[in-house]
$ cat model-v3.txt   # compact mmCIF, C-alpha atoms
# COMPACT_ATOMS: atom_id res chain seq x y z
CA MET T 1 -9.30 -0.44 18.53
CA ALA T 2 -10.47 -0.38 22.12
CA THR T 3 -13.98 0.22 20.89
CA LEU T 4 -13.72 -2.86 18.67
CA PHE T 5 -12.81 -5.11 21.60
CA LYS T 6 -15.36 -3.55 23.92
CA GLY T 7 -18.18 -4.36 21.49
CA LYS T 8 -20.41 -7.25 22.54
CA LYS T 9 -20.20 -8.84 19.17
CA ARG T 10 -17.41 -8.75 16.63
CA THR T 11 -19.20 -8.14 13.39
CA THR T 12 -17.97 -8.24 9.83
CA THR T 13 -18.65 -4.55 9.52
CA SER T 14 -16.42 -3.67 12.46
CA LEU T 15 -13.76 -6.14 11.27
CA VAL T 16 -13.67 -4.62 7.78
CA LEU T 17 -13.61 -1.09 9.18
CA SER T 18 -10.78 -1.89 11.62
CA MET T 19 -8.72 -3.68 8.96
CA GLY T 20 -9.11 -0.60 6.83
CA LEU T 21 -7.92 1.71 9.59
CA VAL T 22 -4.93 -0.42 10.58
CA PHE T 23 -3.67 -0.90 7.02
CA ALA T 24 -4.27 2.74 6.18
CA ALA T 25 -1.82 3.66 8.94
CA LEU T 26 0.73 0.98 7.93
CA LEU T 27 0.66 1.95 4.28
CA TYR T 28 1.93 5.40 5.16
CA LEU T 29 5.40 3.89 5.62
CA PRO T 30 6.53 3.05 2.05
CA GLY T 31 6.19 6.70 1.10
CA MET T 32 8.77 7.76 3.66
CA ILE T 33 11.68 5.78 2.25
CA TRP T 34 14.30 7.97 0.63
CA PHE T 35 15.60 6.94 -2.81
CA ASP T 36 18.12 8.59 -5.10
CA ASN T 37 16.13 7.39 -8.07
CA GLN T 38 12.97 9.31 -8.98
CA THR T 39 11.44 6.16 -10.48
CA MET T 40 11.84 4.32 -7.17
CA ASP T 41 10.23 7.25 -5.34
CA SER T 42 7.38 7.15 -7.75
CA PHE T 43 7.00 3.38 -7.53
CA PHE T 44 6.56 3.43 -3.77
CA ARG T 45 4.48 6.61 -3.81
CA TRP T 46 1.72 4.51 -5.36
CA TRP T 47 2.03 1.84 -2.72
CA VAL T 48 0.82 4.59 -0.44
CA VAL T 49 -1.61 6.50 -2.59
CA HIS T 50 -3.12 3.80 -4.75
CA LEU T 51 -3.31 1.12 -2.09
CA TRP T 52 -4.95 3.72 0.11
CA VAL T 53 -7.63 5.02 -2.20
CA GLU T 54 -8.31 1.90 -4.23
CA GLY T 55 -7.62 -0.50 -1.41
CA VAL T 56 -7.90 -0.01 2.30
CA TRP T 57 -9.86 3.26 2.25
CA GLU T 58 -12.50 1.36 0.36
CA LEU T 59 -12.63 -1.06 3.28
CA ILE T 60 -13.34 1.91 5.53
CA MET T 61 -15.90 3.25 3.10
CA GLY T 62 -17.54 -0.18 2.67
CA GLY T 63 -17.63 -0.68 6.44
CA ILE T 64 -19.26 2.69 7.11
CA LEU T 65 -21.66 2.25 4.21
CA ALA T 66 -22.70 -1.19 5.46
CA PHE T 67 -23.24 0.20 8.96
CA LEU T 68 -25.39 3.04 7.65
CA LEU T 69 -27.42 0.70 5.42
CA ILE T 70 -28.06 -1.66 8.31
CA LYS T 71 -29.23 1.24 10.46
CA ILE T 72 -31.18 3.18 7.87
CA THR T 73 -32.84 0.48 5.77
CA GLY T 74 -33.26 -2.15 8.48
CA VAL T 75 -32.22 -4.94 6.10
CA ASP T 76 -30.83 -8.01 7.89
CA ARG T 77 -27.19 -7.70 8.94
CA GLU T 78 -26.31 -11.14 7.52
CA VAL T 79 -27.45 -10.12 4.05
CA ILE T 80 -25.65 -6.79 4.07
CA GLU T 81 -22.43 -8.22 5.46
CA LYS T 82 -22.34 -11.02 2.92
CA TRP T 83 -22.43 -8.45 0.14
CA LEU T 84 -19.89 -6.34 1.97
CA TYR T 85 -17.42 -9.26 1.68
CA VAL T 86 -18.15 -9.63 -2.02
CA ILE T 87 -17.63 -5.92 -2.63
CA VAL T 88 -14.41 -5.55 -0.66
CA GLY T 89 -13.25 -8.78 -2.32
CA LEU T 90 -13.83 -7.25 -5.76
CA THR T 91 -12.08 -4.10 -4.57
CA PHE T 92 -8.89 -5.90 -3.62
CA ILE T 93 -8.81 -8.34 -6.52
CA SER T 94 -9.03 -5.49 -9.02
CA GLY T 95 -7.39 -2.79 -6.92
CA ILE T 96 -4.12 -4.38 -5.82
CA LEU T 97 -2.95 -5.29 -9.31
CA GLY T 98 -4.72 -2.20 -10.62
CA THR T 99 -1.84 -0.27 -9.02
CA GLY T 100 -0.22 -1.04 -12.37
CA HIS T 101 -2.09 1.85 -13.98
CA HIS T 102 0.31 4.19 -12.17
CA TYR T 103 3.31 2.26 -13.49
CA TYR T 104 2.73 2.70 -17.21
CA TYR T 105 5.08 5.62 -17.82
CA ILE T 106 7.39 6.06 -14.86
CA GLY T 107 10.33 3.94 -15.97
CA VAL T 108 9.29 0.37 -15.14
CA GLY T 109 8.55 -2.56 -17.43
CA LYS T 110 5.85 -3.05 -20.02
CA VAL T 111 4.25 -5.90 -18.05
CA TRP T 112 2.44 -3.23 -16.03
CA LEU T 113 0.73 -1.94 -19.18
CA ILE T 114 -1.03 -5.29 -19.46
CA ILE T 115 -1.57 -6.03 -15.77
CA GLY T 116 -2.57 -2.46 -14.93
CA GLY T 117 -4.80 -2.18 -17.99
CA ILE T 118 -6.75 -5.36 -17.31
CA PHE T 119 -7.13 -5.09 -13.55
CA SER T 120 -7.83 -1.38 -13.39
CA ALA T 121 -10.50 -1.87 -16.05
CA LEU T 122 -12.14 -4.19 -13.51
CA GLU T 123 -11.99 -1.61 -10.73
CA PRO T 124 -15.32 0.05 -11.56
CA LEU T 125 -16.99 -3.30 -10.78
CA ALA T 126 -16.39 -2.80 -7.07
CA PHE T 127 -17.92 0.66 -7.20
CA LEU T 128 -20.77 -0.49 -9.40
CA GLY T 129 -21.36 -3.27 -6.88
CA MET T 130 -21.43 -0.75 -4.08
CA ALA T 131 -23.91 1.53 -5.86
CA LEU T 132 -26.25 -1.30 -6.87
CA PHE T 133 -25.97 -2.78 -3.40
CA ALA T 134 -26.91 0.49 -1.67
CA LEU T 135 -29.87 1.08 -3.99
CA ALA T 136 -31.07 -2.52 -3.76
CA MET T 137 -30.89 -2.46 0.05
CA TYR T 138 -32.76 0.84 0.09
CA ARG T 139 -35.58 -0.64 -2.01
CA LYS T 140 -35.62 -3.85 0.00
CA GLY T 141 -35.64 -2.15 3.39
CA GLU T 142 -38.94 -2.21 5.23
CA LYS T 143 -37.88 0.15 7.95
CA LYS T 144 -38.17 3.77 6.89
CA HIS T 145 -35.68 5.61 8.99
CA PRO T 146 -36.81 9.19 9.55
CA ASN T 147 -33.31 10.63 9.00
CA LYS T 148 -33.75 11.66 5.41
CA MET T 149 -30.55 13.70 5.19
CA ALA T 150 -28.42 10.74 6.27
CA LEU T 151 -30.17 8.61 3.66
CA ASN T 152 -29.50 11.18 0.93
CA TRP T 153 -25.82 11.38 1.78
CA THR T 154 -25.49 7.59 2.02
CA LEU T 155 -27.09 6.83 -1.34
CA GLY T 156 -25.26 9.86 -2.78
CA THR T 157 -21.93 8.42 -1.63
CA ALA T 158 -22.56 5.14 -3.41
CA ILE T 159 -23.70 6.80 -6.65
CA VAL T 160 -21.16 9.64 -6.87
CA SER T 161 -18.23 7.39 -6.03
CA PHE T 162 -19.31 5.01 -8.79
CA VAL T 163 -19.50 7.86 -11.32
CA GLY T 164 -16.38 9.67 -10.14
CA ALA T 165 -14.06 6.84 -9.19
CA GLY T 166 -15.52 4.06 -11.33
CA LEU T 167 -16.71 5.56 -14.61
CA LEU T 168 -14.44 8.59 -14.90
CA GLY T 169 -11.48 6.54 -13.73
CA MET T 170 -12.26 3.93 -16.35
CA ALA T 171 -12.38 6.70 -18.97
CA HIS T 172 -8.62 7.18 -18.88
CA THR T 173 -7.22 4.06 -17.28
CA LEU T 174 -6.35 2.11 -20.43
CA PRO T 175 -2.69 2.58 -21.39
CA GLN T 176 -3.53 3.74 -24.93
CA VAL T 177 -5.65 6.58 -23.55
CA ASN T 178 -3.51 7.27 -20.51
CA MET T 179 -0.48 7.81 -22.74
CA TYR T 180 -2.16 11.09 -23.73
CA THR T 181 -4.05 12.02 -20.58
CA HIS T 182 -1.33 11.18 -17.99
CA GLY T 183 -0.46 14.32 -16.06
CA THR T 184 -3.18 16.56 -17.52
CA LEU T 185 -6.39 18.13 -16.22
CA VAL T 186 -8.25 14.96 -17.24
CA THR T 187 -6.77 13.43 -14.10
CA ALA T 188 -8.02 16.39 -12.06
CA MET T 189 -11.53 15.81 -13.44
CA HIS T 190 -11.55 12.21 -12.23
CA GLY T 191 -9.76 12.97 -8.97
CA HIS T 192 -12.12 15.65 -7.74
CA LEU T 193 -15.35 13.73 -8.21
CA ALA T 194 -13.84 10.46 -7.02
CA PHE T 195 -12.53 11.86 -3.75
CA TRP T 196 -15.66 13.85 -3.08
CA GLY T 197 -17.93 10.87 -3.71
CA ALA T 198 -15.94 8.18 -2.02
CA TYR T 199 -14.31 9.96 0.90
CA GLY T 200 -15.94 13.36 1.33
CA MET T 201 -19.57 12.29 1.17
CA ILE T 202 -19.11 9.17 3.33
CA VAL T 203 -17.84 11.36 6.18
CA LEU T 204 -20.77 13.76 5.84
CA SER T 205 -23.09 10.71 5.74
CA ILE T 206 -21.86 9.33 9.03
CA ILE T 207 -21.97 12.79 10.63
CA SER T 208 -25.55 13.27 9.42
CA TYR T 209 -26.48 9.92 10.89
CA THR T 210 -24.67 10.13 14.22
CA MET T 211 -25.15 13.79 15.11
CA PRO T 212 -28.89 13.52 15.83
CA ASN T 213 -28.18 10.39 17.89
CA MET T 214 -25.42 12.01 19.90
CA THR T 215 -27.11 15.31 20.50
CA GLY T 216 -30.61 13.93 20.91
CA ARG T 217 -31.89 16.51 18.47
CA LYS T 218 -34.09 15.22 15.68
CA LEU T 219 -32.27 16.95 12.87
CA TYR T 220 -33.60 14.86 10.01
CA GLU T 221 -34.76 17.22 7.33
CA THR T 222 -33.92 20.90 7.12
CA THR T 223 -33.76 23.43 4.31
CA THR T 224 -30.14 24.31 5.06
CA GLY T 225 -29.28 20.63 5.12
CA ALA T 226 -30.94 20.04 1.76
CA LEU T 227 -29.18 23.11 0.36
CA ALA T 228 -25.86 21.77 1.60
CA PHE T 229 -26.46 18.47 -0.18
CA TRP T 230 -27.63 19.85 -3.51
CA LEU T 231 -25.33 22.88 -3.78
CA SER T 232 -22.21 20.88 -3.03
CA ASN T 233 -23.15 18.05 -5.37
CA ILE T 234 -24.26 20.20 -8.29
CA GLY T 235 -21.23 22.43 -7.73
CA ILE T 236 -18.77 19.56 -7.90
CA LEU T 237 -20.47 18.10 -10.97
CA GLY T 238 -20.00 21.47 -12.66
CA MET T 239 -16.35 21.48 -11.61
CA THR T 240 -15.93 17.99 -13.02
CA VAL T 241 -17.39 19.05 -16.37
CA ALA T 242 -15.19 22.16 -16.47
CA PHE T 243 -12.07 20.11 -15.69
CA GLY T 244 -13.12 17.53 -18.25
CA VAL T 245 -13.60 20.02 -21.07
CA ALA T 246 -10.38 21.85 -20.19
CA GLY T 247 -8.55 18.54 -19.90
CA VAL T 248 -9.66 17.16 -23.25
CA ALA T 249 -8.77 20.45 -24.94
CA GLN T 250 -5.39 20.40 -23.21
CA VAL T 251 -4.70 16.83 -24.32
CA TYR T 252 -5.43 17.66 -27.96
CA LEU T 253 -3.57 20.95 -28.11
CA GLU T 254 -0.57 19.90 -26.08
CA ARG T 255 -0.12 16.20 -26.75
CA LYS T 256 -1.56 15.90 -30.28
CA VAL T 257 -0.83 19.30 -31.86
CA GLY T 258 2.29 19.99 -29.81
CA MET T 259 1.47 23.50 -28.60
CA ASP T 260 3.38 24.88 -25.65
CA PHE T 261 1.98 24.29 -22.16
CA GLY T 262 1.65 28.01 -21.44
CA ASP T 263 -0.13 28.76 -24.71
CA VAL T 264 -2.55 25.90 -24.16
CA GLN T 265 -3.41 27.15 -20.68
CA LYS T 266 -4.33 30.51 -22.21
CA GLU T 267 -6.59 28.82 -24.75
CA ILE T 268 -8.50 26.96 -22.05
CA GLN T 269 -8.68 29.87 -19.60
CA VAL T 270 -12.44 30.31 -19.99
CA HIS T 271 -13.00 26.88 -18.45
CA PHE T 272 -11.17 28.00 -15.33
CA PHE T 273 -13.74 30.76 -14.96
CA VAL T 274 -16.55 28.17 -15.05
CA LEU T 275 -14.51 26.11 -12.62
CA ILE T 276 -14.32 28.96 -10.13
CA CYS T 277 -18.08 29.64 -10.39
CA CYS T 278 -18.89 25.98 -9.71
CA ALA T 279 -16.30 25.77 -6.95
CA THR T 280 -17.97 28.76 -5.28
CA MET T 281 -21.29 26.94 -5.40
CA PHE T 282 -19.67 23.85 -3.93
CA THR T 283 -18.09 25.88 -1.13
CA THR T 284 -21.44 27.52 -0.36
CA GLY T 285 -22.92 24.05 0.11
CA ILE T 286 -20.11 23.05 2.44
CA ILE T 287 -20.54 26.28 4.44
CA CYS T 288 -24.25 25.41 4.86
CA TYR T 289 -23.22 22.02 6.21
CA ILE T 290 -20.69 23.47 8.65
CA TYR T 291 -23.20 26.12 9.74
CA GLU T 292 -25.72 23.45 10.68
CA PHE T 293 -23.04 21.36 12.31
CA ILE T 294 -22.01 24.20 14.59
CA LYS T 295 -25.52 25.47 15.23
CA TYR T 296 -27.08 22.11 16.08
CA GLY T 297 -24.00 20.22 17.24
CA ARG T 298 -24.63 20.74 20.97
CA PRO T 299 -26.68 18.25 22.96
CA THR T 300 -30.32 18.99 23.70
CA ASP T 301 -33.20 17.37 25.53
CA GLU T 302 -35.54 17.71 22.57
CA ALA T 303 -35.78 13.94 22.10
CA LEU T 304 -36.50 13.29 25.77
CA GLU T 305 -39.37 15.73 25.77
CA LEU T 306 -40.95 14.03 22.79
CA THR T 307 -40.57 10.45 23.94
CA THR T 308 -41.64 10.81 27.57
CA MET U 309 -26.89 -18.70 -3.65
CA LEU U 310 -23.57 -17.58 -2.25
CA SER U 311 -23.22 -18.06 1.50
CA LYS U 312 -21.51 -15.66 3.86
CA SER U 313 -18.56 -17.98 4.46
CA GLN U 314 -18.05 -18.36 0.71
CA ALA U 315 -18.11 -14.59 0.40
CA ARG U 316 -15.50 -14.34 3.14
CA ALA U 317 -13.31 -16.93 1.42
CA PHE U 318 -13.64 -14.95 -1.81
CA PHE U 319 -12.44 -11.80 -0.06
CA PHE U 320 -9.47 -13.26 1.82
CA GLY U 321 -8.47 -15.69 -0.95
CA GLY U 322 -8.66 -13.05 -3.69
CA THR U 323 -6.76 -10.54 -1.63
CA ILE U 324 -3.92 -12.90 -0.74
CA ILE U 325 -3.51 -14.25 -4.28
CA THR U 326 -3.46 -10.85 -5.98
CA PHE U 327 -1.19 -9.43 -3.30
CA VAL U 328 1.37 -12.21 -3.79
CA ILE U 329 1.31 -11.65 -7.57
CA PHE U 330 1.71 -7.92 -6.96
CA LEU U 331 4.74 -8.42 -4.72
CA GLY U 332 6.33 -10.79 -7.24
CA LEU U 333 5.87 -8.39 -10.15
CA SER U 334 7.13 -5.49 -8.04
CA TRP U 335 10.25 -7.41 -7.05
CA ASP U 336 10.95 -8.26 -10.68
CA SER U 337 10.43 -4.64 -11.79
CA LEU U 338 12.60 -3.11 -9.10
CA SER U 339 15.49 -5.54 -9.33
CA ASN U 340 15.63 -6.21 -13.08
CA GLU U 341 13.96 -3.39 -14.98
CA VAL U 342 14.40 -0.16 -13.06
CA PRO U 343 18.23 -0.23 -13.06
CA LYS U 344 18.26 -0.66 -16.86
CA LYS U 345 15.44 1.69 -17.77
CA THR U 346 16.59 4.52 -15.53
CA HIS U 347 20.35 4.07 -16.19
CA VAL U 348 21.34 3.91 -12.52
CA GLU U 349 24.99 4.00 -13.54
CA ASN U 350 24.42 7.67 -14.46
CA LEU U 351 23.09 8.58 -11.03
CA THR U 352 26.07 10.73 -10.05
CA PRO U 353 26.27 12.68 -6.78
CA GLN U 354 25.53 15.77 -8.88
CA VAL U 355 22.23 14.29 -10.15
CA VAL U 356 21.25 13.24 -6.63
CA HIS U 357 21.99 16.73 -5.33
CA GLY U 358 19.87 18.15 -8.16
CA LYS U 359 17.03 15.88 -7.10
CA HIS U 360 17.46 17.08 -3.54
CA ILE U 361 17.10 20.71 -4.65
CA TRP U 362 14.09 19.69 -6.75
CA GLU U 363 12.45 18.22 -3.65
CA LYS U 364 13.49 20.87 -1.15
CA ASN U 365 11.87 23.58 -3.28
CA ASN U 366 8.68 21.56 -3.84
CA CYS U 367 8.90 21.85 -7.62
CA MET U 368 6.14 19.24 -7.88
CA GLY U 369 3.81 21.68 -6.12
CA CYS U 370 3.37 23.30 -9.57
CA HIS U 371 5.14 21.07 -12.13
CA THR U 372 4.76 17.45 -13.13
CA ILE U 373 7.65 15.04 -13.64
CA LEU U 374 7.07 11.53 -15.02
CA GLY U 375 3.53 12.91 -15.37
CA GLU U 376 3.16 13.22 -11.58
CA GLY U 377 2.76 16.39 -9.59
CA ALA U 378 0.60 19.48 -10.01
CA TYR U 379 -0.92 20.86 -13.20
CA TYR U 380 -0.17 24.55 -12.80
CA ALA U 381 3.10 24.49 -14.72
CA PRO U 382 4.70 22.45 -17.53
CA GLU U 383 5.70 18.79 -17.45
CA LEU U 384 9.49 18.65 -17.01
CA THR U 385 10.61 15.08 -17.73
CA LYS U 386 11.87 16.02 -21.20
CA VAL U 387 12.67 19.65 -20.44
CA TYR U 388 16.40 19.20 -21.09
CA GLU U 389 15.72 17.97 -24.60
CA ARG U 390 12.98 20.56 -25.21
CA ARG U 391 14.60 23.74 -23.85
CA GLY U 392 18.27 22.99 -23.41
CA GLU U 393 20.62 23.86 -20.61
CA GLY U 394 20.75 27.65 -21.12
CA TYR U 395 17.01 28.18 -20.85
CA ILE U 396 16.65 26.02 -17.73
CA LYS U 397 19.52 27.78 -15.99
CA ALA U 398 18.08 31.17 -16.89
CA ALA U 399 14.75 30.23 -15.27
CA LEU U 400 16.37 28.82 -12.13
CA MET U 401 18.88 31.64 -11.62
CA SER U 402 16.61 34.52 -12.59
CA PRO U 403 16.63 37.28 -9.94
CA VAL U 404 13.01 38.16 -10.85
CA PRO U 405 10.14 35.66 -11.01
CA TRP U 406 10.26 33.71 -14.29
CA ALA U 407 6.95 34.21 -16.11
CA PRO U 408 7.22 33.68 -19.85
CA ARG U 409 3.50 33.14 -20.49
CA GLY U 410 1.65 34.90 -17.71
CA ARG U 411 1.96 32.33 -14.95
CA LYS U 412 4.61 33.24 -12.46
CA MET U 413 7.26 30.92 -11.14
CA VAL U 414 8.67 31.46 -7.66
CA LYS U 415 11.94 33.42 -7.72
CA TYR U 416 14.62 30.91 -6.77
CA ALA U 417 17.77 32.77 -7.87
CA LEU U 418 19.83 29.57 -7.49
CA SER U 419 23.60 29.69 -7.56
CA GLU U 420 25.25 28.62 -10.80
CA GLN U 421 26.41 25.38 -9.20
CA ASP U 422 22.96 24.45 -7.86
CA ALA U 423 21.39 25.27 -11.22
CA ASN U 424 23.94 22.98 -12.90
CA ASP U 425 22.96 20.18 -10.53
CA VAL U 426 19.25 20.58 -11.30
CA VAL U 427 20.10 20.55 -15.01
CA ALA U 428 22.05 17.32 -14.47
CA PHE U 429 19.00 15.84 -12.76
CA PHE U 430 16.78 16.83 -15.73
CA LYS U 431 19.31 15.41 -18.17
CA TRP U 432 19.37 12.10 -16.27
CA ILE U 433 15.59 11.80 -15.98
CA GLY U 434 15.12 12.77 -19.64
CA GLU U 435 17.05 9.64 -20.64
CA THR U 436 14.78 7.28 -18.69
CA ASP U 437 12.88 4.78 -20.83
CA LEU U 438 9.23 5.66 -20.14
CA ASN U 439 7.53 3.22 -22.54
CA GLY U 440 6.97 6.04 -25.03
CA PHE U 441 5.71 8.79 -22.73
CA PRO U 442 5.25 11.68 -23.43
CA PRO U 443 3.75 10.95 -26.86
CA LYS U 444 5.09 12.75 -29.92
CA PRO U 445 2.55 15.24 -31.29
CA ASP U 446 1.20 13.83 -34.56
CA LEU U 447 -1.40 16.39 -35.68
CA LYS U 448 -0.49 19.52 -37.53
$ encode --input "model-v3.txt" --output "structure tokens"
Amino acid sequence: MATLFKGKKRTTTSLVLSMGLVFAALLYLPGMIWFDNQTMDSFFRWWVVHLWVEGVWELIMGGILAFLLIKITGVDREVIEKWLYVIVGLTFISGILGTGHHYYYIGVGKVWLIIGGIFSALEPLAFLGMALFALAMYRKGEKKHPNKMALNWTLGTAIVSFVGAGLLGMAHTLPQVNMYTHGTLVTAMHGHLAFWGAYGMIVLSIISYTMPNMTGRKLYETTTGALAFWLSNIGILGMTVAFGVAGVAQVYLERKVGMDFGDVQKEIQVHFFVLICCATMFTTGIICYIYEFIKYGRPTDEALELTT
Amino acid sequence: MLSKSQARAFFFGGTIITFVIFLGLSWDSLSNEVPKKTHVENLTPQVVHGKHIWEKNNCMGCHTILGEGAYYAPELTKVYERRGEGYIKAALMSPVPWAPRGRKMVKYALSEQDANDVVAFFKWIGETDLNGFPPKPDLK
């Protein structure tokens, strides 16, 4: 907050980012209320979780993404911030009422089937907007920032969050589908890629951008850095596919055929093996990232030597 | 083309309107529908204590209820109807880890009274009107 007020200019980007941070903290509260009724617990749990991930966290993500795009592509701030408003507007219009997709089957009324179905079907629009926006700004940008790793992570964030949160979320958000997939590994498929794309990658993006600036070391393109990017992303895609296949099989065997949970899990065991292989790959990528972070995280005079 | 101030109006206007609708619908659900659908009149102290045990032992760390929780162990909303009281009590009171199909459950070894309370909680939640969830298997 202090940083916001110290800034010379109050920009849309900093406003959106700060709003995101303040509401993220406030929205923690509804989850702490104690109820005797499980349905009430559940109802307010989604005020926290849903309004976080499909609401205010997207403000944070949009704010950081806009900042990175301004810095990396050199496109005019006015243009980027205008589209930032449109995107966070779409996020809230679809996302707030989209909370209804958590209220289908927890013991509240049928009105949420309609409201949740319609508005959560619109949710991918915000993510699609974000992905198109990032790619369009990248093409439009005249400045070619030398920090290629930050650029990769930034564009990656926009694309993977669209696929993971937007498309895969859309795949099971309609009540007719969710009736079968609710509480199965299909949810895990969507959840893993969505969180990685939207909230994991954005953090690694901003670290990749700021670390060279803070340390003065021109860490723009390294083999370990590239390995970190590709191993983690290919690994998590593999995990998503494994969860997806296991989830669809689980839905059919358990919810359509009526097999026992335990028997179904045995049937789909082979997919867990694939899952572990891909998760290992993902972890290797993350270890590469952490390795570079620790190795090159200390300040250096490298930049001074080159510029003077 | 859209100007920046129009874009800002779109953001704040859209947010406020949808948020007001959301609060209205939530109010209606919580005050009119939840009491009926969840049969609050059946929320006895025993059921509430069962829920407390359910939470204290982090059952949702492995199981789902109302479709929410973790996916390591079975969904339990309709467990009372599916397994019956005897089976549930056997699992909860077992002095060795319950593991009917390979995956192990933590050994809770609950007292008979606590197990009864958890069963009461399952019985209560099993009667909640969940708009048809979980679906009845229809393939053979």
$ residues_around --input "model-v3.txt" --residues "Phe319 of chain U" --least-positions-apart "6" --cutoff "10 Å" --atoms "all atoms listed in the file" --output "ChimeraX atom specification"
/T:84-93 /U:313
$ closest_residue --input "model-v3.txt" --among "U:Leu374, U:Pro343, U:Gly358, U:Glu363" --to "Ser42 of chain T" --atoms "all atoms listed in the file"
U:Leu374
$ residues_around --input "model-v3.txt" --residues "Met130 of chain T" --least-positions-apart "6" --cutoff "10 Å" --atoms "only C-alpha atoms" --output "count of residues only"
18
$ atom_distance --input "model-v3.txt" --atom1 "atom CA of Glu123 of chain T" --atom2 "atom CA of Gly166 of chain T"
6.7 Å
$ residues_around --input "model-v3.txt" --residues "segment 409-415 of chain U" --least-positions-apart "2" --cutoff "12 Å" --atoms "only C-alpha atoms" --output "ChimeraX atom specification"
/T:260-267,269 /U:365-367,369-371,379-382,398-407,417-418
$ interface_residues --input "model-v3.txt" --of "chain T" --to "chain U" --cutoff "8 Å" --atoms "all atoms listed in the file" --output "PDB file with C-alpha atoms, keeping the file's coordinate frame"
ATOM      1  CA  ASP T  36      18.120   8.590  -5.100  1.00  0.00           C
ATOM      2  CA  ASN T  37      16.130   7.390  -8.070  1.00  0.00           C
ATOM      3  CA  GLN T  38      12.970   9.310  -8.980  1.00  0.00           C
ATOM      4  CA  THR T  39      11.440   6.160 -10.480  1.00  0.00           C
ATOM      5  CA  MET T  40      11.840   4.320  -7.170  1.00  0.00           C
ATOM      6  CA  GLU T  78     -26.310 -11.140   7.520  1.00  0.00           C
ATOM      7  CA  GLU T  81     -22.430  -8.220   5.460  1.00  0.00           C
ATOM      8  CA  LYS T  82     -22.340 -11.020   2.920  1.00  0.00           C
ATOM      9  CA  TRP T  83     -22.430  -8.450   0.140  1.00  0.00           C
ATOM     10  CA  TYR T  85     -17.420  -9.260   1.680  1.00  0.00           C
ATOM     11  CA  VAL T  86     -18.150  -9.630  -2.020  1.00  0.00           C
ATOM     12  CA  VAL T  88     -14.410  -5.550  -0.660  1.00  0.00           C
ATOM     13  CA  GLY T  89     -13.250  -8.780  -2.320  1.00  0.00           C
ATOM     14  CA  LEU T  90     -13.830  -7.250  -5.760  1.00  0.00           C
ATOM     15  CA  PHE T  92      -8.890  -5.900  -3.620  1.00  0.00           C
ATOM     16  CA  ILE T  93      -8.810  -8.340  -6.520  1.00  0.00           C
ATOM     17  CA  ILE T  96      -4.120  -4.380  -5.820  1.00  0.00           C
ATOM     18  CA  LEU T  97      -2.950  -5.290  -9.310  1.00  0.00           C
ATOM     19  CA  TYR T 104       2.730   2.700 -17.210  1.00  0.00           C
ATOM     20  CA  TYR T 105       5.080   5.620 -17.820  1.00  0.00           C
ATOM     21  CA  ILE T 106       7.390   6.060 -14.860  1.00  0.00           C
ATOM     22  CA  GLY T 107      10.330   3.940 -15.970  1.00  0.00           C
ATOM     23  CA  VAL T 108       9.290   0.370 -15.140  1.00  0.00           C
ATOM     24  CA  GLY T 109       8.550  -2.560 -17.430  1.00  0.00           C
ATOM     25  CA  LYS T 110       5.850  -3.050 -20.020  1.00  0.00           C
ATOM     26  CA  MET T 179      -0.480   7.810 -22.740  1.00  0.00           C
ATOM     27  CA  TYR T 180      -2.160  11.090 -23.730  1.00  0.00           C
ATOM     28  CA  HIS T 182      -1.330  11.180 -17.990  1.00  0.00           C
ATOM     29  CA  GLY T 183      -0.460  14.320 -16.060  1.00  0.00           C
ATOM     30  CA  THR T 184      -3.180  16.560 -17.520  1.00  0.00           C
ATOM     31  CA  LEU T 185      -6.390  18.130 -16.220  1.00  0.00           C
ATOM     32  CA  GLU T 254      -0.570  19.900 -26.080  1.00  0.00           C
ATOM     33  CA  ARG T 255      -0.120  16.200 -26.750  1.00  0.00           C
ATOM     34  CA  LYS T 256      -1.560  15.900 -30.280  1.00  0.00           C
ATOM     35  CA  VAL T 257      -0.830  19.300 -31.860  1.00  0.00           C
ATOM     36  CA  GLY T 258       2.290  19.990 -29.810  1.00  0.00           C
ATOM     37  CA  PHE T 261       1.980  24.290 -22.160  1.00  0.00           C
ATOM     38  CA  GLY T 262       1.650  28.010 -21.440  1.00  0.00           C
ATOM     39  CA  ASP T 263      -0.130  28.760 -24.710  1.00  0.00           C
TER      40      ASP T 263
END
$ residues_around --input "model-v3.txt" --residues "Gly117 of chain T" --least-positions-apart "5" --cutoff "12 Å" --atoms "all atoms listed in the file" --output "compact mmCIF listing (two decimals) with C-alpha atoms, keeping the file's coordinate frame"
# COMPACT_ATOMS: atom_id res chain seq x y z
CA SER T 94 -9.03 -5.49 -9.02
CA GLY T 95 -7.39 -2.79 -6.92
CA LEU T 97 -2.95 -5.29 -9.31
CA GLY T 98 -4.72 -2.20 -10.62
CA THR T 99 -1.84 -0.27 -9.02
CA GLY T 100 -0.22 -1.04 -12.37
CA HIS T 101 -2.09 1.85 -13.98
CA HIS T 102 0.31 4.19 -12.17
CA TYR T 103 3.31 2.26 -13.49
CA TYR T 104 2.73 2.70 -17.21
CA LYS T 110 5.85 -3.05 -20.02
CA VAL T 111 4.25 -5.90 -18.05
CA TRP T 112 2.44 -3.23 -16.03
CA LEU T 122 -12.14 -4.19 -13.51
CA GLU T 123 -11.99 -1.61 -10.73
CA GLY T 169 -11.48 6.54 -13.73
CA MET T 170 -12.26 3.93 -16.35
CA ALA T 171 -12.38 6.70 -18.97
CA HIS T 172 -8.62 7.18 -18.88
CA THR T 173 -7.22 4.06 -17.28
CA LEU T 174 -6.35 2.11 -20.43
CA PRO T 175 -2.69 2.58 -21.39
CA GLN T 176 -3.53 3.74 -24.93
CA VAL T 177 -5.65 6.58 -23.55
CA ASN T 178 -3.51 7.27 -20.51
CA MET T 179 -0.48 7.81 -22.74
